[in-house]
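One structure is given below, encoded as structure tokens.
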Amino acid sequence: PAAAPPRKVLEINRLEAPSRELFETEYLDRNRPVVITGVADKWPAMETWSVEYLKSVAGDSEVTVHFREDADFGHWYRVQEEREDQRLPFGEVLDLLDGDPGDRRYYMTEHSLRQVSPALVGDVDVSRYVDLEEPWEPLLFVGYDSCMPAHIHGSTEAFLCQLRAEKSITLYSPEQYHRLYPRKWYQKSPLFSELDGRAIQSDTVDLGEHPKFEHAVPYRFTLRPGEILFIPVHWWHVTSVPGFHLSVTFFWKAKFGNWTFPVPGVQMCAREALHQVKRGARFVSGRRHAAASHG
């Protein structure tokens, strides 16, 4: 039989050190992803952040690292009840992940860079494009042969800044929301897809089980060290690296006008309302418990 035609793939824009005005008007405000070059490659982090340097600065810092015996971190993210974390010295984590081979059972994600070491925070800087206010700060990702499962950011924009190793990226626009088989908005981990991230990356998703995915059209590209990817709010993304890698991500609150409606924007509003109800219920329960204790 004739081979299936190749899947259509879109090409992402790449800009050399664009101005803030250009970034905001053409990409941030229009909810379009872009790869920015010529900025992060000049950061001190690109020059100094070797494994040995990081160990000398922050090797004794206690950090939280995720653990899965089968290295299936898609499962770790989707099934909260089975999550396992470990507290280890950062230097030990680096030794585990930068080994020959690295230990792919460990994955350090979304870890406050300031908690690793305040001395490292000044080595990465996106103030050229966004004014961050507390509690927003750089988050550190370190792994080996890892794959972040397909997910969206419910209410935030993001800069993914690659520092070590090349990262394979697949993006899908919010208009393709249902083709990625999202979890229900009222479930735990609602921002994740039911599809396996590695299957998306290798183009081996079972279309008999997930037929809508056949019509999903991706952006697929490589993010190189010293490059920054702007991930707009509500864009599906999968990232993977075969070896040892290191990156930082900056998040900030998206303007409501950049949300995509009716989906996933409506679901995200419903999700936030549900969180407010749960927080209110916990507050009332706590007040009642305190009153009973003093009664």
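Letters A, B, ... go to the chains of the structure tokens in the order shown; residues in each chain start at 1; ligands are counted from 1 in the same order.
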
- Query: Which residues come within 8 Å of segment 126-131 of chain A, counting only C-alpha atoms, excluding same-chain residues fewer than 4 positions away, as an MDAnalysis selection string?
  - Reply: chainID A and resid 19:20 23:24

- Task: List every residue of segment 199-282 of chain A that DSSP, applied to the backbone of this structure, assigns to strand (DSSP E), and report them as a list of chain:residue names.
- Result: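 The strand (DSSP E) residues within segment 199-282 of chain A come out as A:Tyr219, A:Arg220, A:Phe221, A:Thr222, A:Leu223, A:Ile228, A:Leu229, A:Phe230, A:Ile231, A:Trp236, A:His237, A:Val238, A:Thr239, A:Ser240, A:Val241, A:Pro242, A:Gly243, A:Phe244, A:His245, A:Leu246, A:Ser247, A:Val248, A:Thr249, A:Phe250, A:Phe251, A:Trp252, A:Lys253.
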
Contacts of Phe250 of chain A at 12 Å (only C-alpha atoms; same-chain gap of 3+ positions) as a short mmCIF file (atom, residue, chain, number, x, y, z; two decimals) with C-alpha atoms, in the first residue's frame:
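Once everything was written out, this is out20.cif:
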data_model
loop_
_atom_site.label_atom_id
_atom_site.label_comp_id
_atom_site.auth_asym_id
_atom_site.auth_seq_id
_atom_site.Cartn_x
_atom_site.Cartn_y
_atom_site.Cartn_z
CA GLU A 110 9.42 24.29 38.07
CA HIS A 111 11.82 24.71 40.98
CA SER A 112 12.36 28.22 42.28
CA LEU A 113 15.80 29.29 41.10
CA VAL A 121 18.90 34.64 39.71
CA VAL A 124 19.06 35.09 33.63
CA ASP A 125 17.04 38.16 32.68
CA VAL A 126 13.96 38.73 30.50
CA SER A 127 13.33 42.34 31.58
CA TYR A 129 10.43 41.99 27.19
CA VAL A 130 8.37 41.76 30.38
CA ASP A 131 8.21 43.48 33.79
CA LEU A 132 7.90 40.69 36.34
CA GLU A 133 6.44 41.34 39.76
CA GLU A 134 6.28 39.03 42.77
CA PRO A 135 5.55 36.15 43.01
CA TRP A 136 6.82 35.63 39.44
CA GLU A 137 10.47 34.55 39.22
CA PRO A 138 12.61 32.16 37.15
CA LEU A 139 11.90 28.45 37.58
CA LEU A 140 14.59 25.84 36.97
CA PHE A 141 14.15 22.59 34.99
CA THR A 156 -0.17 32.59 32.21
CA GLU A 157 2.22 33.49 29.42
CA ALA A 158 5.70 31.95 29.46
CA PHE A 159 9.26 32.32 28.24
CA LEU A 160 11.08 28.98 27.98
CA CYS A 161 14.81 29.70 27.93
CA GLN A 162 17.04 26.81 26.88
CA ILE A 228 13.96 31.74 24.10
CA LEU A 229 10.55 30.37 23.17
CA PHE A 230 7.50 32.51 23.88
CA ILE A 231 4.59 30.16 24.76
CA PRO A 232 1.31 32.11 24.68
CA SER A 247 16.49 25.39 31.20
CA LYS A 253 -0.18 36.54 34.30
#

Where does segment 98-175 of chain A meet segment 9-14 of chain A within 10 Å, residue by residue, with the nearest atom pair and distance in Å to one decimal for each, counting only C-alpha atoms, listed by chain and rising number, as CSV?
residue,atom,partner,partner_atom,distance
A:Thr170,CA,A:Val9,CA,9.6
A:Leu171,CA,A:Leu10,CA,9.4
A:Tyr172,CA,A:Leu10,CA,9.6

- Query: In terms of the shortest atom-to-atom distance over only C-alpha atoms, which of A:Ala40, A:Gly197, A:Pro211, A:Gln80 is closest to Thr249 of chain A?
  - Reply: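 Of the candidates, the smallest distance to Thr249 of chain A is held by A:Ala40.
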
- Query: Taking only C-alpha atoms into account, which of A:Glu175, A:Asp85, A:Asp145, A:Asp41 comes nearest Gly265 of chain A?
  - Reply: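 Comparing A:Glu175, A:Asp85, A:Asp145, A:Asp41 against Gly265 of chain A, the winner is A:Glu175.
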
- Task: Once DSSP has gone over the backbone, tell me which residues of segment 11-259 of chain A are in alpha helix (DSSP H), as a VMD selection string.
- Result: chain A and resid 20 to 23 44 to 48 51 to 58 73 to 78 90 to 97 113 to 116 118 to 121 197 to 202

- Task: Determine the nearest neighbour of His153 of chain A from the options A:Thr260, A:Ser117, A:Gln86, A:Gln201, counting only C-alpha atoms.
- Result: A:Thr260

- Task: One decimal, Å: what's the distance from atom CA of Gly74 of chain A over to atom CA of Leu207 of chain A, could you say?
- Result: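 According to the coordinates, atom CA of Gly74 of chain A and atom CA of Leu207 of chain A are separated by 19.1 Å.
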
- Item | All residues 8 Å or closer to Ile152 of chain A, only C-alpha atoms, same chain fewer than 4 positions away omitted, as number ranges by chain | A: 191-192, 233-237

Could you dump the residues just selected with all heavy atoms as an mmCIF file, in the first residue's frame?
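result20.cif written:
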data_model
loop_
_atom_site.group_PDB
_atom_site.id
_atom_site.type_symbol
_atom_site.label_atom_id
_atom_site.label_comp_id
_atom_site.auth_asym_id
_atom_site.auth_seq_id
_atom_site.Cartn_x
_atom_site.Cartn_y
_atom_site.Cartn_z
ATOM 1 N N LEU A 191 -5.054 20.652 33.092
ATOM 2 C CA LEU A 191 -4.357 21.348 32.020
ATOM 3 C C LEU A 191 -3.566 20.407 31.116
ATOM 4 O O LEU A 191 -2.881 20.859 30.196
ATOM 5 C CB LEU A 191 -3.407 22.397 32.609
ATOM 6 C CG LEU A 191 -4.047 23.438 33.537
ATOM 7 C CD1 LEU A 191 -3.005 24.448 33.997
ATOM 8 C CD2 LEU A 191 -5.200 24.151 32.844
ATOM 9 N N PHE A 192 -3.688 19.107 31.354
ATOM 10 C CA PHE A 192 -2.903 18.128 30.613
ATOM 11 C C PHE A 192 -3.759 17.347 29.627
ATOM 12 O O PHE A 192 -4.970 17.184 29.803
ATOM 13 C CB PHE A 192 -2.218 17.156 31.580
ATOM 14 C CG PHE A 192 -1.114 17.807 32.356
ATOM 15 C CD1 PHE A 192 -1.383 18.501 33.525
ATOM 16 C CD2 PHE A 192 0.188 17.750 31.907
ATOM 17 C CE1 PHE A 192 -0.376 19.121 34.227
ATOM 18 C CE2 PHE A 192 1.212 18.368 32.600
ATOM 19 C CZ PHE A 192 0.931 19.055 33.762
ATOM 20 N N VAL A 233 -0.514 31.986 26.248
ATOM 21 C CA VAL A 233 -1.530 31.338 27.061
ATOM 22 C C VAL A 233 -2.418 30.444 26.186
ATOM 23 O O VAL A 233 -2.746 30.792 25.043
ATOM 24 C CB VAL A 233 -2.379 32.399 27.810
ATOM 25 C CG1 VAL A 233 -3.157 33.292 26.857
ATOM 26 C CG2 VAL A 233 -3.311 31.742 28.830
ATOM 27 N N HIS A 234 -2.741 29.259 26.705
ATOM 28 C CA HIS A 234 -3.650 28.286 26.100
ATOM 29 C C HIS A 234 -3.075 27.548 24.891
ATOM 30 O O HIS A 234 -3.814 26.849 24.205
ATOM 31 C CB HIS A 234 -4.995 28.931 25.726
ATOM 32 C CG HIS A 234 -5.739 29.478 26.903
ATOM 33 N ND1 HIS A 234 -6.776 30.382 26.778
ATOM 34 C CD2 HIS A 234 -5.586 29.261 28.232
ATOM 35 C CE1 HIS A 234 -7.230 30.695 27.972
ATOM 36 N NE2 HIS A 234 -6.523 30.027 28.879
ATOM 37 N N TRP A 235 -1.779 27.656 24.653
ATOM 38 C CA TRP A 235 -1.164 26.882 23.572
ATOM 39 C C TRP A 235 -0.678 25.542 24.117
ATOM 40 O O TRP A 235 0.050 25.481 25.110
ATOM 41 C CB TRP A 235 0.017 27.642 22.971
ATOM 42 C CG TRP A 235 -0.399 28.609 21.903
ATOM 43 C CD1 TRP A 235 -1.100 29.770 22.074
ATOM 44 C CD2 TRP A 235 -0.140 28.496 20.505
ATOM 45 N NE1 TRP A 235 -1.298 30.392 20.862
ATOM 46 C CE2 TRP A 235 -0.714 29.636 19.876
ATOM 47 C CE3 TRP A 235 0.531 27.560 19.715
ATOM 48 C CZ2 TRP A 235 -0.635 29.840 18.503
ATOM 49 C CZ3 TRP A 235 0.606 27.771 18.351
ATOM 50 C CH2 TRP A 235 0.027 28.893 17.754
ATOM 51 N N TRP A 236 -1.091 24.462 23.469
ATOM 52 C CA TRP A 236 -0.574 23.127 23.819
ATOM 53 C C TRP A 236 0.921 23.072 23.504
ATOM 54 O O TRP A 236 1.367 23.569 22.459
ATOM 55 C CB TRP A 236 -1.271 22.044 23.000
ATOM 56 C CG TRP A 236 -2.683 21.753 23.394
ATOM 57 C CD1 TRP A 236 -3.813 22.074 22.696
ATOM 58 C CD2 TRP A 236 -3.119 21.041 24.558
ATOM 59 N NE1 TRP A 236 -4.926 21.620 23.361
ATOM 60 C CE2 TRP A 236 -4.527 20.980 24.507
ATOM 61 C CE3 TRP A 236 -2.454 20.454 25.641
ATOM 62 C CZ2 TRP A 236 -5.284 20.348 25.493
ATOM 63 C CZ3 TRP A 236 -3.206 19.840 26.624
ATOM 64 C CH2 TRP A 236 -4.597 19.794 26.555
ATOM 65 N N HIS A 237 1.691 22.433 24.375
ATOM 66 C CA HIS A 237 3.111 22.246 24.074
ATOM 67 C C HIS A 237 3.644 20.973 24.713
ATOM 68 O O HIS A 237 3.228 20.572 25.797
ATOM 69 C CB HIS A 237 3.942 23.463 24.513
ATOM 70 C CG HIS A 237 3.711 23.910 25.924
ATOM 71 N ND1 HIS A 237 2.574 24.565 26.323
ATOM 72 C CD2 HIS A 237 4.492 23.817 27.022
ATOM 73 C CE1 HIS A 237 2.643 24.871 27.610
ATOM 74 N NE2 HIS A 237 3.808 24.403 28.061
#

- Message: Report as a list in words all protein, DNA and RNA residues lying within 7 Å of Ala45 of chain A, evaluated on only C-alpha atoms, omitting residues in the same chain fewer than 3 positions from it.
- Response: Thr48, Trp49, Asp123 and Val124 of chain A

- Minimum-distance residue to Val63 of chain A, chosen among A:Arg7, A:Lys188, A:Arg87, A:Arg114 (using only C-alpha atoms):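 Ranked by minimum distance to Val63 of chain A, first place goes to A:Arg87.
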
- Task: Considering only C-alpha atoms, state which residue in the set A:Gly243, A:Gly143, A:Pro264, A:Pro190 is at the smallest distance from Asp100 of chain A.
- Result: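 When distances to Asp100 of chain A are compared using only C-alpha atoms, the smallest one comes from A:Gly243.
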